[in-house]
Amino acid sequence: MDGKGVTGFPWRISLAFLLVALCVPPLAGLAEGFQDTADGCEIQTEIEQITNSASTVYFGGAGTSLSIDLSILPGYEITLGGEGAEAYCIKVSDPRGGETLTYMDRPAAKFLNTVTLTGSCTLELVCEAEPEYGIRAVCP
């Protein structure tokens, strides 16, 4: 080995470590963003399952009921119903404090009560006509 190779080797190693050090933070950010996207897709699947089941119950008429098994990711919270216009929506609260509202628009089905869902649970949706037409959600 000549003297040039011996002195140039540490510089090459230093340059390689510098390039790796500069690439790691952006890659870590991409991985975190990917996890957030995957979590969002999984929660959206649960919301679609709730809205499809609520539509089925609503169109089935008074007395129709349906039970669905849900698995909500840790840190997330799904709230059905509320006061005023929120009686027609499903609210998702994420671990970072953000909230997303999904309104029942086809059909414009009203939740007659407010239920908050977390973790694994079985949700029962019942269509009622009294005192007003809508869906009662029960999570035992």
# chains A, B, ... in the order shown; residues from 1 in each chain; ligands from 1
call {"tool": "select_by_dssp", "arguments": {"residues": "chain A", "states": "strand (DSSP E or B)", "output": "PyMOL selection string"}}
result
chain A and resi 65-71+77-80+89-93+99-103+111+115-117+120-128+134-138
call {"tool": "write_last_selection", "arguments": {"atoms": "C-alpha atoms", "output": "PDB file, in the first residue's frame"}}
result
ATOM      1  CA  SER A  65     -80.417  -3.585  14.658  1.00  0.00           C
ATOM      2  CA  LEU A  66     -76.901  -4.575  13.710  1.00  0.00           C
ATOM      3  CA  SER A  67     -73.786  -5.396  15.735  1.00  0.00           C
ATOM      4  CA  ILE A  68     -70.265  -4.746  14.482  1.00  0.00           C
ATOM      5  CA  ASP A  69     -66.888  -5.554  15.988  1.00  0.00           C
ATOM      6  CA  LEU A  70     -64.451  -2.653  15.963  1.00  0.00           C
ATOM      7  CA  SER A  71     -60.758  -2.453  16.695  1.00  0.00           C
ATOM      8  CA  GLU A  77     -61.116   7.854  20.017  1.00  0.00           C
ATOM      9  CA  ILE A  78     -64.287   7.701  17.916  1.00  0.00           C
ATOM     10  CA  THR A  79     -67.370   9.597  19.078  1.00  0.00           C
ATOM     11  CA  LEU A  80     -70.763   8.997  17.480  1.00  0.00           C
ATOM     12  CA  CYS A  89     -71.458  13.036  12.567  1.00  0.00           C
ATOM     13  CA  ILE A  90     -68.690  10.692  13.617  1.00  0.00           C
ATOM     14  CA  LYS A  91     -65.730  12.447  15.254  1.00  0.00           C
ATOM     15  CA  VAL A  92     -62.245  10.927  15.344  1.00  0.00           C
ATOM     16  CA  SER A  93     -59.737  12.256  17.873  1.00  0.00           C
ATOM     17  CA  GLU A  99     -60.043  15.944  15.250  1.00  0.00           C
ATOM     18  CA  THR A 100     -61.742  14.819  12.042  1.00  0.00           C
ATOM     19  CA  LEU A 101     -65.500  14.970  11.477  1.00  0.00           C
ATOM     20  CA  THR A 102     -67.350  12.654   9.101  1.00  0.00           C
ATOM     21  CA  TYR A 103     -70.997  13.563   8.525  1.00  0.00           C
ATOM     22  CA  PHE A 111     -77.470   9.468  16.164  1.00  0.00           C
ATOM     23  CA  VAL A 115     -71.171   7.175  22.409  1.00  0.00           C
ATOM     24  CA  THR A 116     -67.378   7.281  22.649  1.00  0.00           C
ATOM     25  CA  LEU A 117     -65.473   4.234  21.400  1.00  0.00           C
ATOM     26  CA  SER A 120     -61.704  -3.251  20.813  1.00  0.00           C
ATOM     27  CA  CYS A 121     -65.461  -3.168  21.245  1.00  0.00           C
ATOM     28  CA  THR A 122     -68.738  -4.408  19.836  1.00  0.00           C
ATOM     29  CA  LEU A 123     -71.027  -1.607  18.696  1.00  0.00           C
ATOM     30  CA  GLU A 124     -74.761  -2.204  18.396  1.00  0.00           C
ATOM     31  CA  LEU A 125     -76.752   0.147  16.172  1.00  0.00           C
ATOM     32  CA  VAL A 126     -80.547   0.219  16.571  1.00  0.00           C
ATOM     33  CA  CYS A 127     -82.996   2.221  14.466  1.00  0.00           C
ATOM     34  CA  GLU A 128     -85.726   3.864  16.543  1.00  0.00           C
ATOM     35  CA  GLY A 134     -82.717   7.944  14.151  1.00  0.00           C
ATOM     36  CA  ILE A 135     -80.052   5.515  15.285  1.00  0.00           C
ATOM     37  CA  ARG A 136     -79.245   4.638  18.878  1.00  0.00           C
ATOM     38  CA  ALA A 137     -75.665   3.430  19.365  1.00  0.00           C
ATOM     39  CA  VAL A 138     -74.861   1.105  22.246  1.00  0.00           C
TER      40      VAL A 138
END
call {"tool": "atom_distance", "arguments": {"atom1": "atom CA of Ile72 of chain A", "atom2": "atom CA of Cys139 of chain A"}}
result
13.2 Å
call {"tool": "closest_residue", "arguments": {"among": "A:Glu48, A:Glu86, A:Asp94, A:Asp36", "to": "Leu112 of chain A", "atoms": "only C-alpha atoms"}}
result
A:Glu86
call {"tool": "atom_distance", "arguments": {"atom1": "atom CA of Ser14 of chain A", "atom2": "atom CA of Ala28 of chain A"}}
result
21.7 Å
call {"tool": "closest_residue", "arguments": {"among": "A:Met104, A:Lys110, A:Thr64, A:Ala129", "to": "Ile47 of chain A", "atoms": "only C-alpha atoms"}}
result
A:Met104
call {"tool": "atom_distance", "arguments": {"atom1": "atom CA of Tyr133 of chain A", "atom2": "atom CA of Glu46 of chain A"}}
result
24.3 Å
call {"tool": "select_by_dssp", "arguments": {"residues": "segment 35-133 of chain A", "states": "helix (DSSP H, G or I)", "output": "NGL selection string"}}
result
:A and (35-60 or 84-88)
call {"tool": "write_last_selection", "arguments": {"atoms": "C-alpha atoms", "output": "PDB file, in the first residue's frame"}}
result
ATOM      1  CA  GLN A  35     -46.944   5.180  10.092  1.00  0.00           C
ATOM      2  CA  ASP A  36     -49.314   8.144  10.394  1.00  0.00           C
ATOM      3  CA  THR A  37     -50.712   7.386   6.932  1.00  0.00           C
ATOM      4  CA  ALA A  38     -51.169   3.697   7.767  1.00  0.00           C
ATOM      5  CA  ASP A  39     -52.954   4.584  11.027  1.00  0.00           C
ATOM      6  CA  GLY A  40     -55.202   7.039   9.191  1.00  0.00           C
ATOM      7  CA  CYS A  41     -56.169   4.379   6.646  1.00  0.00           C
ATOM      8  CA  GLU A  42     -56.985   1.884   9.392  1.00  0.00           C
ATOM      9  CA  ILE A  43     -59.170   4.392  11.268  1.00  0.00           C
ATOM     10  CA  GLN A  44     -60.881   5.363   7.997  1.00  0.00           C
ATOM     11  CA  THR A  45     -61.743   1.693   7.443  1.00  0.00           C
ATOM     12  CA  GLU A  46     -63.430   1.575  10.866  1.00  0.00           C
ATOM     13  CA  ILE A  47     -65.375   4.779  10.066  1.00  0.00           C
ATOM     14  CA  GLU A  48     -66.565   3.312   6.755  1.00  0.00           C
ATOM     15  CA  GLN A  49     -67.686   0.161   8.549  1.00  0.00           C
ATOM     16  CA  ILE A  50     -69.705   2.284  11.011  1.00  0.00           C
ATOM     17  CA  THR A  51     -71.275   4.476   8.309  1.00  0.00           C
ATOM     18  CA  ASN A  52     -72.190   1.505   6.101  1.00  0.00           C
ATOM     19  CA  SER A  53     -73.759  -0.318   9.049  1.00  0.00           C
ATOM     20  CA  ALA A  54     -75.604   2.835  10.154  1.00  0.00           C
ATOM     21  CA  SER A  55     -77.014   3.247   6.632  1.00  0.00           C
ATOM     22  CA  THR A  56     -78.195  -0.361   6.596  1.00  0.00           C
ATOM     23  CA  VAL A  57     -79.929   0.057   9.961  1.00  0.00           C
ATOM     24  CA  TYR A  58     -81.433   3.416   9.012  1.00  0.00           C
ATOM     25  CA  PHE A  59     -82.916   2.121   5.766  1.00  0.00           C
ATOM     26  CA  GLY A  60     -84.114  -1.054   7.530  1.00  0.00           C
ATOM     27  CA  GLY A  84     -76.983  19.972  17.158  1.00  0.00           C
ATOM     28  CA  ALA A  85     -75.272  19.257  13.844  1.00  0.00           C
ATOM     29  CA  GLU A  86     -72.842  16.884  15.575  1.00  0.00           C
ATOM     30  CA  ALA A  87     -75.750  14.450  16.033  1.00  0.00           C
ATOM     31  CA  TYR A  88     -75.197  13.601  12.352  1.00  0.00           C
TER      32      TYR A  88
END
call {"tool": "decode", "arguments": {"residues": "segment 20-79 of chain A", "atoms": "C-alpha atoms", "output": "tab-separated table (two decimals), in the first residue's frame"}}
result
chain	number	residue	atom	x	y	z
A	20	VAL	CA	-25.00	8.46	6.33
A	21	ALA	CA	-25.48	11.00	9.14
A	22	LEU	CA	-27.11	13.45	6.74
A	23	CYS	CA	-29.47	10.82	5.30
A	24	VAL	CA	-30.79	9.29	8.53
A	25	PRO	CA	-33.03	12.17	9.79
A	26	PRO	CA	-35.01	12.53	6.53
A	27	LEU	CA	-35.48	8.76	6.33
A	28	ALA	CA	-36.70	8.66	9.93
A	29	GLY	CA	-39.20	11.40	9.11
A	30	LEU	CA	-40.46	9.43	6.14
A	31	ALA	CA	-40.95	6.35	8.29
A	32	GLU	CA	-42.98	8.35	10.83
A	33	GLY	CA	-45.10	9.86	8.07
A	34	PHE	CA	-45.73	6.39	6.67
A	35	GLN	CA	-46.94	5.18	10.09
A	36	ASP	CA	-49.31	8.14	10.39
A	37	THR	CA	-50.71	7.39	6.93
A	38	ALA	CA	-51.17	3.70	7.77
A	39	ASP	CA	-52.95	4.58	11.03
A	40	GLY	CA	-55.20	7.04	9.19
A	41	CYS	CA	-56.17	4.38	6.65
A	42	GLU	CA	-56.98	1.88	9.39
A	43	ILE	CA	-59.17	4.39	11.27
A	44	GLN	CA	-60.88	5.36	8.00
A	45	THR	CA	-61.74	1.69	7.44
A	46	GLU	CA	-63.43	1.57	10.87
A	47	ILE	CA	-65.38	4.78	10.07
A	48	GLU	CA	-66.57	3.31	6.75
A	49	GLN	CA	-67.69	0.16	8.55
A	50	ILE	CA	-69.71	2.28	11.01
A	51	THR	CA	-71.27	4.48	8.31
A	52	ASN	CA	-72.19	1.51	6.10
A	53	SER	CA	-73.76	-0.32	9.05
A	54	ALA	CA	-75.60	2.83	10.15
A	55	SER	CA	-77.01	3.25	6.63
A	56	THR	CA	-78.20	-0.36	6.60
A	57	VAL	CA	-79.93	0.06	9.96
A	58	TYR	CA	-81.43	3.42	9.01
A	59	PHE	CA	-82.92	2.12	5.77
A	60	GLY	CA	-84.11	-1.05	7.53
A	61	GLY	CA	-86.58	1.00	9.57
A	62	ALA	CA	-87.55	1.11	13.22
A	63	GLY	CA	-86.55	-1.99	15.15
A	64	THR	CA	-83.67	-2.93	12.83
A	65	SER	CA	-80.42	-3.58	14.66
A	66	LEU	CA	-76.90	-4.57	13.71
A	67	SER	CA	-73.79	-5.40	15.73
A	68	ILE	CA	-70.26	-4.75	14.48
A	69	ASP	CA	-66.89	-5.55	15.99
A	70	LEU	CA	-64.45	-2.65	15.96
A	71	SER	CA	-60.76	-2.45	16.70
A	72	ILE	CA	-59.71	1.14	17.29
A	73	LEU	CA	-56.00	1.90	17.45
A	74	PRO	CA	-54.50	2.93	20.81
A	75	GLY	CA	-54.64	6.68	21.32
A	76	TYR	CA	-57.55	7.16	18.93
A	77	GLU	CA	-61.12	7.85	20.02
A	78	ILE	CA	-64.29	7.70	17.92
A	79	THR	CA	-67.37	9.60	19.08
